[in-house]
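A.B. asks: Have a look at the structure that comes next, please.
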Amino acid sequence: MKAITIALLFFIAMTPQAKPIAIVVHGGAGRIDRDALTPERERLYHATLEQSLRAGHTILKRGGSALDAVEAAIVIMEDAPVFNAGRGAVFTAEGKNELDASIMDGRALQAGAVGGVTTVKNPIRAARAVMEKSPHVLFTNQGAEKFASDNGLEIVDPKYFFTERRWKQIQKWLKQQEATAKPQATAEPDRHADYFGTVGCVALDAKGNIAAGTSTGGMTGKRFGRIGDSPIIGAGTYADNRTAGISCTGHGEYFIRHAVAHDISARIAYIKESLAKAATDVVHTVLKQAGGSGGIIGIDAQGNVVMEFNTNAMTRGSIDTTGNLKTAIFK
Ligand code: ASP
């Protein structure tokens, strides 16, 4: 009997344990008016988040890379008009769609990003091409567009990004701007009310590699040429196999000033905070005190998943290391 037990224990010890895999996505943090959210839109959020998670997770389950999973998950959200990324992006004050994206590979801290593109169908693919096919990290505007087209990525007419909903939003925003310019007006236009929808993904693959990516149309009414945190490595996106992968969403200027994605990774590396503690502190204390609204998603080297936000909503979802899928919008 004893011999059998010993043999069994030996067998268990020698069997390679499946390495954890996990994936988390967000579709933007901001203020959503619960009563104004139609059941149809709510259903669309959940369905697209789930589709995106499953696409990434299928790749991870087959032994594919975290990078491939992140790209696949983000492409689905870029193609869905419900999110502020790719098709469905918000408009600038001039009535254009200018898109930003970045991706990072936590294996060797490789990264790629594009800013201010107007013709690249899937900016996340362009970000990846920058990382893999150039010695650089960030390309902007026509340079990024030329690079994307030279590398065979799909180029579209800028009209492709137009959606009626976002067009109405910019018209409303411009009116609010006009109103606040008048001396009697007091209300500041709230840039984040209902105007959110940036997308992001973090994945951990079976080889222990972490990747993170973020893609956005930026903020409604942004000035021509404004670049937010999403394509800034260390601000909107960061990944390091030794610590965690992070993708952010929110009022980008604050995320840049506080180097949010890197700050979370650095806390894990330098003062050994857990991902949960680092994310909570940065989102609810550092950012909140500064006046920065938004949220983050992350996965650490052990596969722990976080989804933290200081707004009333962040469309989000994850498939954790046990295979449990969930999607959510409100707190
Ligand atoms: N962070 C994005 C930006 O500032 C916007 C967002 O996440 O909603 O461009």
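Each chain of the structure tokens is named A, B, ... in the order shown, its residues numbered from 1; ligands are numbered from 1 in display order.
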Which residues come within 6 Å of segment 155-158 of chain A, counting only C-alpha atoms, excluding same-chain residues fewer than 4 positions away, as a list in words?
C.D. replies: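 Skipping anything fewer than 4 positions along the chain leaves Thr118, Thr119, Val120 and Lys121 of chain A.
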A.B. asks: Quick one: write out the picked residues with all heavy atoms as a CSV table (one decimal), in the first residue's frame?
C.D. replies:
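File written: part38.csv
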```csv
chain,number,residue,atom,x,y,z
A,118,THR,N,-5.4,57.7,-39.5
A,118,THR,CA,-6.8,57.9,-40.0
A,118,THR,C,-7.3,56.9,-41.1
A,118,THR,O,-8.4,57.0,-41.5
A,118,THR,CB,-6.9,59.4,-40.6
A,118,THR,OG1,-5.9,59.4,-41.7
A,118,THR,CG2,-6.6,60.4,-39.6
A,119,THR,N,-6.3,56.1,-41.5
A,119,THR,CA,-6.7,55.2,-42.6
A,119,THR,C,-6.4,53.7,-42.3
A,119,THR,O,-6.6,52.9,-43.2
A,119,THR,CB,-5.9,55.6,-43.9
A,119,THR,OG1,-4.5,55.5,-43.6
A,119,THR,CG2,-6.2,57.0,-44.4
A,120,VAL,N,-5.8,53.4,-41.2
A,120,VAL,CA,-5.4,52.0,-40.9
A,120,VAL,C,-6.6,51.3,-40.2
A,120,VAL,O,-7.1,51.7,-39.1
A,120,VAL,CB,-4.2,52.0,-39.9
A,120,VAL,CG1,-3.8,50.5,-39.7
A,120,VAL,CG2,-3.0,52.8,-40.5
A,121,LYS,N,-7.1,50.3,-40.9
A,121,LYS,CA,-8.3,49.6,-40.4
A,121,LYS,C,-8.2,49.1,-39.0
A,121,LYS,O,-9.0,49.3,-38.1
A,121,LYS,CB,-8.7,48.5,-41.3
A,121,LYS,CG,-10.0,47.8,-40.8
A,121,LYS,CD,-10.5,46.8,-41.9
A,121,LYS,CE,-11.7,46.1,-41.4
A,121,LYS,NZ,-11.4,44.8,-40.7
```
A.B. asks: Excluding segment 74-81 of chain A and its own-chain neighbours fewer than 5 positions away, which residues fall within 10 Å of it when counting only C-alpha atoms? Please give them as a ChimeraX atom specification.
C.D. replies: /A:25-27,44-45,48-49,51-53,55-56,68-69,86-89,121-125,161-163,165-166,197-202,213-217
A.B. asks: Give me, as a Markdown table, each residue of chain A that comes within 8 Å of ligand 1, together with its shortest interatomic pair and the distance in Å at one decimal, counting only C-alpha atoms and all ligand atoms, with rows ordered by chain and rising residue number.
C.D. replies:
```
| residue | atom | partner | partner_atom_place_in_ligand_line | distance |
| --- | --- | --- | --- | --- |
| A:Gly28 | CA | ligand 1 | 7 (O) | 5.6 |
| A:Ala29 | CA | ligand 1 | 8 (O) | 6.3 |
| A:Gly30 | CA | ligand 1 | 8 (O) | 7.1 |
| A:Asn84 | CA | ligand 1 | 8 (O) | 7.5 |
| A:Asp100 | CA | ligand 1 | 9 (O) | 7.5 |
| A:His192 | CA | ligand 1 | 8 (O) | 7.2 |
| A:Tyr195 | CA | ligand 1 | 8 (O) | 7.2 |
| A:Phe196 | CA | ligand 1 | 8 (O) | 4.5 |
| A:Gly197 | CA | ligand 1 | 8 (O) | 5.7 |
| A:Thr198 | CA | ligand 1 | 7 (O) | 4.6 |
| A:Val199 | CA | ligand 1 | 7 (O) | 7.5 |
| A:Thr216 | CA | ligand 1 | 2 (C) | 6.3 |
| A:Gly217 | CA | ligand 1 | 9 (O) | 6.6 |
| A:Gly218 | CA | ligand 1 | 9 (O) | 3.2 |
| A:Met219 | CA | ligand 1 | 5 (C) | 5.1 |
| A:Ile227 | CA | ligand 1 | 9 (O) | 6.6 |
| A:Gly228 | CA | ligand 1 | 9 (O) | 3.9 |
| A:Asp229 | CA | ligand 1 | 1 (N) | 5.4 |
| A:Ser230 | CA | ligand 1 | 1 (N) | 5.5 |
| A:Gly236 | CA | ligand 1 | 1 (N) | 6.9 |
| A:Cys248 | CA | ligand 1 | 7 (O) | 6.7 |
| A:Thr249 | CA | ligand 1 | 7 (O) | 3.3 |
| A:Gly250 | CA | ligand 1 | 7 (O) | 3.8 |
| A:His251 | CA | ligand 1 | 4 (O) | 4.6 |
| A:Gly252 | CA | ligand 1 | 4 (O) | 3.1 |
| A:Glu253 | CA | ligand 1 | 4 (O) | 6.3 |
| A:Phe255 | CA | ligand 1 | 1 (N) | 7.5 |
| A:Gly294 | CA | ligand 1 | 7 (O) | 7.0 |
```
A.B. asks: Could you check the closest approach to Thr243 of chain A for each of A:Lys326, A:Arg41, A:Lys272, A:His46 and tell me which residue wins, using only C-alpha atoms?
C.D. replies: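 The shortest atom-to-atom distance to Thr243 of chain A comes from A:Lys272.
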A.B. asks: Would you kindly return, as a ChimeraX atom specification, each protein, DNA or RNA residue with an atom no farther than 12 Å from any atom of Ala269 of chain A, considering only C-alpha atoms and excluding same-chain residues fewer than 3 positions away?
C.D. replies: /A:240-244,262-266,272-275,278,300-301
A.B. asks: Just write the chosen residues, all heavy atoms, as a tab-separated table (two decimals), in the first residue's frame.
C.D. replies:
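What follows is the written file again-v2.tsv:
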```
chain	number	residue	atom	x	y	z
A	240	ASP	N	5.61	43.17	-18.69
A	240	ASP	CA	6.92	42.64	-18.29
A	240	ASP	C	6.64	41.27	-17.67
A	240	ASP	O	5.89	41.18	-16.69
A	240	ASP	CB	7.56	43.60	-17.27
A	240	ASP	CG	8.95	43.15	-16.84
A	240	ASP	OD1	9.29	41.95	-17.01
A	240	ASP	OD2	9.70	43.99	-16.32
A	241	ASN	N	7.20	40.22	-18.24
A	241	ASN	CA	6.94	38.86	-17.74
A	241	ASN	C	7.21	38.72	-16.25
A	241	ASN	O	6.63	37.89	-15.57
A	241	ASN	CB	7.82	37.84	-18.46
A	241	ASN	CG	7.26	37.45	-19.82
A	241	ASN	OD1	6.24	37.98	-20.24
A	241	ASN	ND2	7.93	36.53	-20.50
A	242	ARG	N	8.16	39.52	-15.75
A	242	ARG	CA	8.55	39.39	-14.34
A	242	ARG	C	7.54	40.03	-13.39
A	242	ARG	O	7.55	39.76	-12.20
A	242	ARG	CB	9.93	40.02	-14.11
A	242	ARG	CG	11.03	39.33	-14.91
A	242	ARG	CD	12.26	40.18	-14.98
A	242	ARG	NE	11.99	41.44	-15.67
A	242	ARG	CZ	12.89	42.38	-15.91
A	242	ARG	NH1	14.12	42.21	-15.50
A	242	ARG	NH2	12.56	43.49	-16.55
A	243	THR	N	6.70	40.91	-13.93
A	243	THR	CA	5.75	41.61	-13.05
A	243	THR	C	4.31	41.39	-13.53
A	243	THR	O	3.60	40.55	-12.98
A	243	THR	CB	6.07	43.12	-12.99
A	243	THR	OG1	6.05	43.66	-14.33
A	243	THR	CG2	7.42	43.37	-12.32
A	244	ALA	N	3.91	42.14	-14.55
A	244	ALA	CA	2.52	42.07	-15.01
A	244	ALA	C	2.36	42.73	-16.37
A	244	ALA	O	3.28	43.40	-16.85
A	244	ALA	CB	1.61	42.79	-13.99
A	262	HIS	N	3.32	51.65	-16.15
A	262	HIS	CA	4.65	51.31	-15.63
A	262	HIS	C	4.70	51.43	-14.12
A	262	HIS	O	5.40	50.64	-13.45
A	262	HIS	CB	5.74	52.18	-16.27
A	262	HIS	CG	7.10	51.76	-15.83
A	262	HIS	ND1	7.77	52.37	-14.80
A	262	HIS	CD2	7.90	50.74	-16.23
A	262	HIS	CE1	8.93	51.77	-14.61
A	262	HIS	NE2	9.02	50.76	-15.47
A	263	ASP	N	3.97	52.38	-13.56
A	263	ASP	CA	3.98	52.54	-12.11
A	263	ASP	C	3.50	51.25	-11.43
A	263	ASP	O	4.08	50.80	-10.44
A	263	ASP	CB	3.10	53.73	-11.70
A	263	ASP	CG	3.25	54.06	-10.22
A	263	ASP	OD1	4.30	53.74	-9.63
A	263	ASP	OD2	2.32	54.65	-9.64
A	264	ILE	N	2.45	50.65	-11.98
A	264	ILE	CA	1.93	49.41	-11.38
A	264	ILE	C	2.99	48.31	-11.48
A	264	ILE	O	3.26	47.61	-10.50
A	264	ILE	CB	0.60	49.01	-12.05
A	264	ILE	CG1	-0.47	50.06	-11.72
A	264	ILE	CG2	0.16	47.61	-11.61
A	264	ILE	CD1	-1.79	49.90	-12.47
A	265	SER	N	3.61	48.20	-12.65
A	265	SER	CA	4.66	47.18	-12.81
A	265	SER	C	5.83	47.45	-11.87
A	265	SER	O	6.37	46.53	-11.24
A	265	SER	CB	5.14	47.19	-14.28
A	265	SER	OG	6.33	46.47	-14.42
A	266	ALA	N	6.22	48.72	-11.73
A	266	ALA	CA	7.37	49.07	-10.89
A	266	ALA	C	7.10	48.78	-9.41
A	266	ALA	O	7.99	48.32	-8.69
A	266	ALA	CB	7.71	50.55	-11.08
A	272	LYS	N	7.56	44.98	-4.11
A	272	LYS	CA	6.90	43.67	-4.00
A	272	LYS	C	5.41	43.76	-3.65
A	272	LYS	O	4.87	42.89	-2.95
A	272	LYS	CB	7.61	42.78	-2.95
A	272	LYS	CG	9.12	42.71	-3.10
A	272	LYS	CD	9.52	41.96	-4.35
A	272	LYS	CE	11.03	42.05	-4.60
A	272	LYS	NZ	11.40	42.10	-6.00
A	273	GLU	N	4.76	44.81	-4.13
A	273	GLU	CA	3.32	44.86	-3.93
A	273	GLU	C	2.68	43.80	-4.81
A	273	GLU	O	3.23	43.44	-5.85
A	273	GLU	CB	2.78	46.25	-4.35
A	273	GLU	CG	2.90	47.27	-3.25
A	273	GLU	CD	2.21	48.60	-3.59
A	273	GLU	OE1	1.69	48.76	-4.70
A	273	GLU	OE2	2.22	49.47	-2.73
A	274	SER	N	1.49	43.33	-4.41
A	274	SER	CA	0.76	42.43	-5.29
A	274	SER	C	0.17	43.28	-6.41
A	274	SER	O	0.02	44.51	-6.27
A	274	SER	CB	-0.37	41.74	-4.52
A	274	SER	OG	-1.32	42.71	-4.13
A	275	LEU	N	-0.23	42.63	-7.50
A	275	LEU	CA	-0.86	43.36	-8.60
A	275	LEU	C	-2.13	44.06	-8.10
A	275	LEU	O	-2.39	45.22	-8.42
A	275	LEU	CB	-1.19	42.40	-9.75
A	275	LEU	CG	-2.06	42.94	-10.87
A	275	LEU	CD1	-1.39	44.09	-11.60
A	275	LEU	CD2	-2.42	41.83	-11.87
A	278	ALA	N	-1.19	47.16	-5.97
A	278	ALA	CA	-0.62	48.23	-6.81
A	278	ALA	C	-1.72	48.89	-7.65
A	278	ALA	O	-1.81	50.11	-7.73
A	278	ALA	CB	0.47	47.65	-7.71
A	300	ASP	N	-0.87	39.29	-13.70
A	300	ASP	CA	0.52	39.15	-13.26
A	300	ASP	C	1.10	37.81	-13.70
A	300	ASP	O	0.42	36.98	-14.32
A	300	ASP	CB	0.68	39.41	-11.76
A	300	ASP	CG	0.02	38.32	-10.91
A	300	ASP	OD1	-0.32	37.25	-11.46
A	300	ASP	OD2	-0.16	38.56	-9.70
A	301	ALA	N	2.36	37.59	-13.33
A	301	ALA	CA	3.08	36.40	-13.78
A	301	ALA	C	2.44	35.10	-13.28
A	301	ALA	O	2.63	34.04	-13.87
A	301	ALA	CB	4.54	36.49	-13.34
```
A.B. asks: List every residue of segment 18-239 of chain A that DSSP, applied to the backbone of this structure, places in alpha helix (DSSP H), and write the result as an MDAnalysis selection string.
C.D. replies: chainID A and resid 39:61 66:79 123:133 141:150 164:181
A.B. asks: Of the residues A:Ser293, A:Ile232, A:Asp150, A:Leu204, which is the one nearest to Ser318 of chain A, using only C-alpha atoms?
C.D. replies: A:Leu204
A.B. asks: Rank nothing, just name the residue among A:Gly221, A:Gly245, A:Gly317, A:Gly64 nearest to Glu94 of chain A, using only C-alpha atoms.
C.D. replies: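 Among A:Gly221, A:Gly245, A:Gly317, A:Gly64, it is A:Gly221 that comes nearest to Glu94 of chain A.
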A.B. asks: Running DSSP on the backbone, which parts of segment 22-107 of chain A land in strand (DSSP E or B), as a PDB file with all heavy atoms, in the first residue's frame?
C.D. replies:
```pdb
ATOM      1  N   ALA A  22      -4.447  32.986 -18.939  1.00  0.00           N
ATOM      2  CA  ALA A  22      -5.551  33.894 -18.558  1.00  0.00           C
ATOM      3  C   ALA A  22      -5.611  35.043 -19.538  1.00  0.00           C
ATOM      4  O   ALA A  22      -4.614  35.374 -20.205  1.00  0.00           O
ATOM      5  CB  ALA A  22      -5.331  34.423 -17.145  1.00  0.00           C
ATOM      6  N   ILE A  23      -6.790  35.642 -19.628  1.00  0.00           N
ATOM      7  CA  ILE A  23      -6.961  36.788 -20.527  1.00  0.00           C
ATOM      8  C   ILE A  23      -7.973  37.749 -19.909  1.00  0.00           C
ATOM      9  O   ILE A  23      -8.942  37.336 -19.267  1.00  0.00           O
ATOM     10  CB  ILE A  23      -7.391  36.316 -21.941  1.00  0.00           C
ATOM     11  CG1 ILE A  23      -7.480  37.512 -22.902  1.00  0.00           C
ATOM     12  CG2 ILE A  23      -8.711  35.551 -21.923  1.00  0.00           C
ATOM     13  CD1 ILE A  23      -7.507  37.107 -24.376  1.00  0.00           C
ATOM     14  N   VAL A  24      -7.722  39.042 -20.090  1.00  0.00           N
ATOM     15  CA  VAL A  24      -8.639  40.061 -19.582  1.00  0.00           C
ATOM     16  C   VAL A  24      -8.776  41.148 -20.644  1.00  0.00           C
ATOM     17  O   VAL A  24      -7.800  41.446 -21.337  1.00  0.00           O
ATOM     18  CB  VAL A  24      -8.155  40.605 -18.213  1.00  0.00           C
ATOM     19  CG1 VAL A  24      -6.780  41.232 -18.292  1.00  0.00           C
ATOM     20  CG2 VAL A  24      -9.140  41.612 -17.618  1.00  0.00           C
ATOM     21  N   VAL A  25      -9.976  41.689 -20.797  1.00  0.00           N
ATOM     22  CA  VAL A  25     -10.185  42.767 -21.780  1.00  0.00           C
ATOM     23  C   VAL A  25     -10.970  43.911 -21.126  1.00  0.00           C
ATOM     24  O   VAL A  25     -11.684  43.709 -20.152  1.00  0.00           O
ATOM     25  CB  VAL A  25     -10.968  42.293 -23.035  1.00  0.00           C
ATOM     26  CG1 VAL A  25     -10.204  41.254 -23.810  1.00  0.00           C
ATOM     27  CG2 VAL A  25     -12.364  41.786 -22.674  1.00  0.00           C
ATOM     28  N   HIS A  26     -10.812  45.113 -21.689  1.00  0.00           N
ATOM     29  CA  HIS A  26     -11.716  46.194 -21.305  1.00  0.00           C
ATOM     30  C   HIS A  26     -12.215  46.871 -22.573  1.00  0.00           C
ATOM     31  O   HIS A  26     -11.568  46.831 -23.617  1.00  0.00           O
ATOM     32  CB  HIS A  26     -11.049  47.210 -20.359  1.00  0.00           C
ATOM     33  CG  HIS A  26      -9.994  48.068 -21.001  1.00  0.00           C
ATOM     34  ND1 HIS A  26     -10.281  49.094 -21.867  1.00  0.00           N
ATOM     35  CD2 HIS A  26      -8.639  48.054 -20.882  1.00  0.00           C
ATOM     36  CE1 HIS A  26      -9.153  49.676 -22.248  1.00  0.00           C
ATOM     37  NE2 HIS A  26      -8.136  49.055 -21.677  1.00  0.00           N
ATOM     38  N   GLY A  27     -13.384  47.497 -22.431  1.00  0.00           N
ATOM     39  CA  GLY A  27     -13.942  48.270 -23.531  1.00  0.00           C
ATOM     40  C   GLY A  27     -14.177  49.694 -23.072  1.00  0.00           C
ATOM     41  O   GLY A  27     -15.125  50.343 -23.507  1.00  0.00           O
ATOM     42  N   GLY A  28     -13.284  50.168 -22.181  1.00  0.00           N
ATOM     43  CA  GLY A  28     -13.338  51.567 -21.770  1.00  0.00           C
ATOM     44  C   GLY A  28     -13.980  51.797 -20.421  1.00  0.00           C
ATOM     45  O   GLY A  28     -14.885  51.069 -20.016  1.00  0.00           O
ATOM     46  N   ALA A  29     -13.457  52.792 -19.709  1.00  0.00           N
ATOM     47  CA  ALA A  29     -14.028  53.200 -18.411  1.00  0.00           C
ATOM     48  C   ALA A  29     -14.581  54.607 -18.558  1.00  0.00           C
ATOM     49  O   ALA A  29     -14.026  55.423 -19.282  1.00  0.00           O
ATOM     50  CB  ALA A  29     -12.957  53.189 -17.323  1.00  0.00           C
ATOM     51  N   GLY A  30     -15.665  54.877 -17.871  1.00  0.00           N
ATOM     52  CA  GLY A  30     -16.250  56.218 -17.916  1.00  0.00           C
ATOM     53  C   GLY A  30     -17.548  56.240 -17.154  1.00  0.00           C
ATOM     54  O   GLY A  30     -17.823  55.319 -16.366  1.00  0.00           O
ATOM     55  N   ARG A  31     -18.325  57.288 -17.370  1.00  0.00           N
ATOM     56  CA  ARG A  31     -19.600  57.351 -16.681  1.00  0.00           C
ATOM     57  C   ARG A  31     -20.691  56.917 -17.638  1.00  0.00           C
ATOM     58  O   ARG A  31     -20.875  57.524 -18.692  1.00  0.00           O
ATOM     59  CB  ARG A  31     -19.847  58.761 -16.182  1.00  0.00           C
ATOM     60  CG  ARG A  31     -20.771  58.753 -14.964  1.00  0.00           C
ATOM     61  CD  ARG A  31     -21.085  60.122 -14.468  1.00  0.00           C
ATOM     62  NE  ARG A  31     -21.895  60.868 -15.407  1.00  0.00           N
ATOM     63  CZ  ARG A  31     -21.658  62.119 -15.768  1.00  0.00           C
ATOM     64  NH1 ARG A  31     -20.615  62.746 -15.301  1.00  0.00           N
ATOM     65  NH2 ARG A  31     -22.443  62.731 -16.625  1.00  0.00           N
ATOM     66  N   LEU A  99      -6.730  57.690 -34.705  1.00  0.00           N
ATOM     67  CA  LEU A  99      -6.629  56.508 -33.853  1.00  0.00           C
ATOM     68  C   LEU A  99      -5.221  56.273 -33.303  1.00  0.00           C
ATOM     69  O   LEU A  99      -4.223  56.511 -33.994  1.00  0.00           O
ATOM     70  CB  LEU A  99      -7.051  55.269 -34.661  1.00  0.00           C
ATOM     71  CG  LEU A  99      -8.306  55.433 -35.528  1.00  0.00           C
ATOM     72  CD1 LEU A  99      -8.502  54.231 -36.407  1.00  0.00           C
ATOM     73  CD2 LEU A  99      -9.520  55.653 -34.665  1.00  0.00           C
ATOM     74  N   ASP A 100      -5.168  55.789 -32.065  1.00  0.00           N
ATOM     75  CA  ASP A 100      -3.896  55.467 -31.400  1.00  0.00           C
ATOM     76  C   ASP A 100      -3.932  54.006 -30.930  1.00  0.00           C
ATOM     77  O   ASP A 100      -4.988  53.540 -30.487  1.00  0.00           O
ATOM     78  CB  ASP A 100      -3.715  56.302 -30.122  1.00  0.00           C
ATOM     79  CG  ASP A 100      -3.776  57.803 -30.343  1.00  0.00           C
ATOM     80  OD1 ASP A 100      -3.441  58.261 -31.449  1.00  0.00           O
ATOM     81  OD2 ASP A 100      -4.145  58.521 -29.385  1.00  0.00           O
ATOM     82  N   ALA A 101      -2.796  53.327 -30.962  1.00  0.00           N
ATOM     83  CA  ALA A 101      -2.752  51.961 -30.421  1.00  0.00           C
ATOM     84  C   ALA A 101      -1.334  51.584 -30.031  1.00  0.00           C
ATOM     85  O   ALA A 101      -0.365  52.149 -30.557  1.00  0.00           O
ATOM     86  CB  ALA A 101      -3.273  50.958 -31.450  1.00  0.00           C
ATOM     87  N   SER A 102      -1.235  50.629 -29.124  1.00  0.00           N
ATOM     88  CA  SER A 102       0.104  50.118 -28.761  1.00  0.00           C
ATOM     89  C   SER A 102       0.004  48.671 -28.324  1.00  0.00           C
ATOM     90  O   SER A 102      -1.070  48.196 -27.932  1.00  0.00           O
ATOM     91  CB  SER A 102       0.716  50.950 -27.633  1.00  0.00           C
ATOM     92  OG  SER A 102      -0.043  50.800 -26.460  1.00  0.00           O
ATOM     93  N   ILE A 103       1.143  47.994 -28.393  1.00  0.00           N
ATOM     94  CA  ILE A 103       1.205  46.593 -27.952  1.00  0.00           C
ATOM     95  C   ILE A 103       2.575  46.363 -27.340  1.00  0.00           C
ATOM     96  O   ILE A 103       3.559  46.994 -27.746  1.00  0.00           O
ATOM     97  CB  ILE A 103       0.924  45.630 -29.144  1.00  0.00           C
ATOM     98  CG1 ILE A 103       0.605  44.219 -28.653  1.00  0.00           C
ATOM     99  CG2 ILE A 103       2.084  45.613 -30.148  1.00  0.00           C
ATOM    100  CD1 ILE A 103      -0.121  43.351 -29.689  1.00  0.00           C
ATOM    101  N   MET A 104       2.631  45.501 -26.325  1.00  0.00           N
ATOM    102  CA  MET A 104       3.932  45.233 -25.704  1.00  0.00           C
ATOM    103  C   MET A 104       4.064  43.755 -25.376  1.00  0.00           C
ATOM    104  O   MET A 104       3.114  43.114 -24.927  1.00  0.00           O
ATOM    105  CB  MET A 104       4.105  46.067 -24.434  1.00  0.00           C
ATOM    106  CG  MET A 104       5.481  45.918 -23.818  1.00  0.00           C
ATOM    107  SD  MET A 104       5.901  47.344 -22.804  1.00  0.00           S
ATOM    108  CE  MET A 104       7.549  46.873 -22.282  1.00  0.00           C
ATOM    109  N   ASP A 105       5.252  43.241 -25.614  1.00  0.00           N
ATOM    110  CA  ASP A 105       5.588  41.842 -25.375  1.00  0.00           C
ATOM    111  C   ASP A 105       6.470  41.796 -24.124  1.00  0.00           C
ATOM    112  O   ASP A 105       7.588  42.317 -24.128  1.00  0.00           O
ATOM    113  CB  ASP A 105       6.359  41.335 -26.610  1.00  0.00           C
ATOM    114  CG  ASP A 105       6.747  39.878 -26.514  1.00  0.00           C
ATOM    115  OD1 ASP A 105       6.572  39.283 -25.432  1.00  0.00           O
ATOM    116  OD2 ASP A 105       7.227  39.332 -27.527  1.00  0.00           O
TER     117      ASP A 105
END
```
A.B. asks: For segment 127-143 of chain A, find every residue with an atom within 6 Å (counting only C-alpha atoms), except residues of its own chain fewer than 3 positions away, and show them as a list in words.
C.D. replies: Ser102, Ala111, Gly112, Ala113, Val114, Gly115, Gly116, Val117, Ile124 and Lys146 of chain A
A.B. asks: Please indicate the distance in Å from atom CA of Tyr254 of chain A to atom CA of Leu287 of chain A, rounded to one decimal place.
C.D. replies: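 Distance between the two atoms: 7.1 Å.
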A.B. asks: Calculate how many Å separate atom CA of Lys288 of chain A from atom CA of Ile256 of chain A, rounding to one decimal.
C.D. replies: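 Atom CA of Ile256 of chain A lies at a distance of 14.2 Å from atom CA of Lys288 of chain A.
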A.B. asks: Neighbouring residues of Met307 of chain A were defined as those with any atom within 8 Å, considering only C-alpha atoms; residues of the same chain fewer than 4 positions away were excluded. Please report them as a list of chain:residue names.
C.D. replies: A:Gly295, A:Ile296, A:Ile297, A:Gly298, A:Arg316
A.B. asks: Would you save the residues from that selection as a short mmCIF file (atom, residue, chain, number, x, y, z; two decimals), in the first residue's frame, using C-alpha atoms?
C.D. replies:
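result_1.cif written:
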```
data_model
loop_
_atom_site.label_atom_id
_atom_site.label_comp_id
_atom_site.auth_asym_id
_atom_site.auth_seq_id
_atom_site.Cartn_x
_atom_site.Cartn_y
_atom_site.Cartn_z
CA GLY A 295 -9.39 52.28 -14.98
CA ILE A 296 -6.93 49.53 -15.71
CA ILE A 297 -6.88 45.80 -16.41
CA GLY A 298 -3.92 43.55 -15.66
CA ARG A 316 -14.71 44.51 -19.02
#
```
A.B. asks: Hey, can you check how far atom CA of Ala259 of chain A sits from atom CA of Glu50 of chain A?
C.D. replies: 29.2 Å
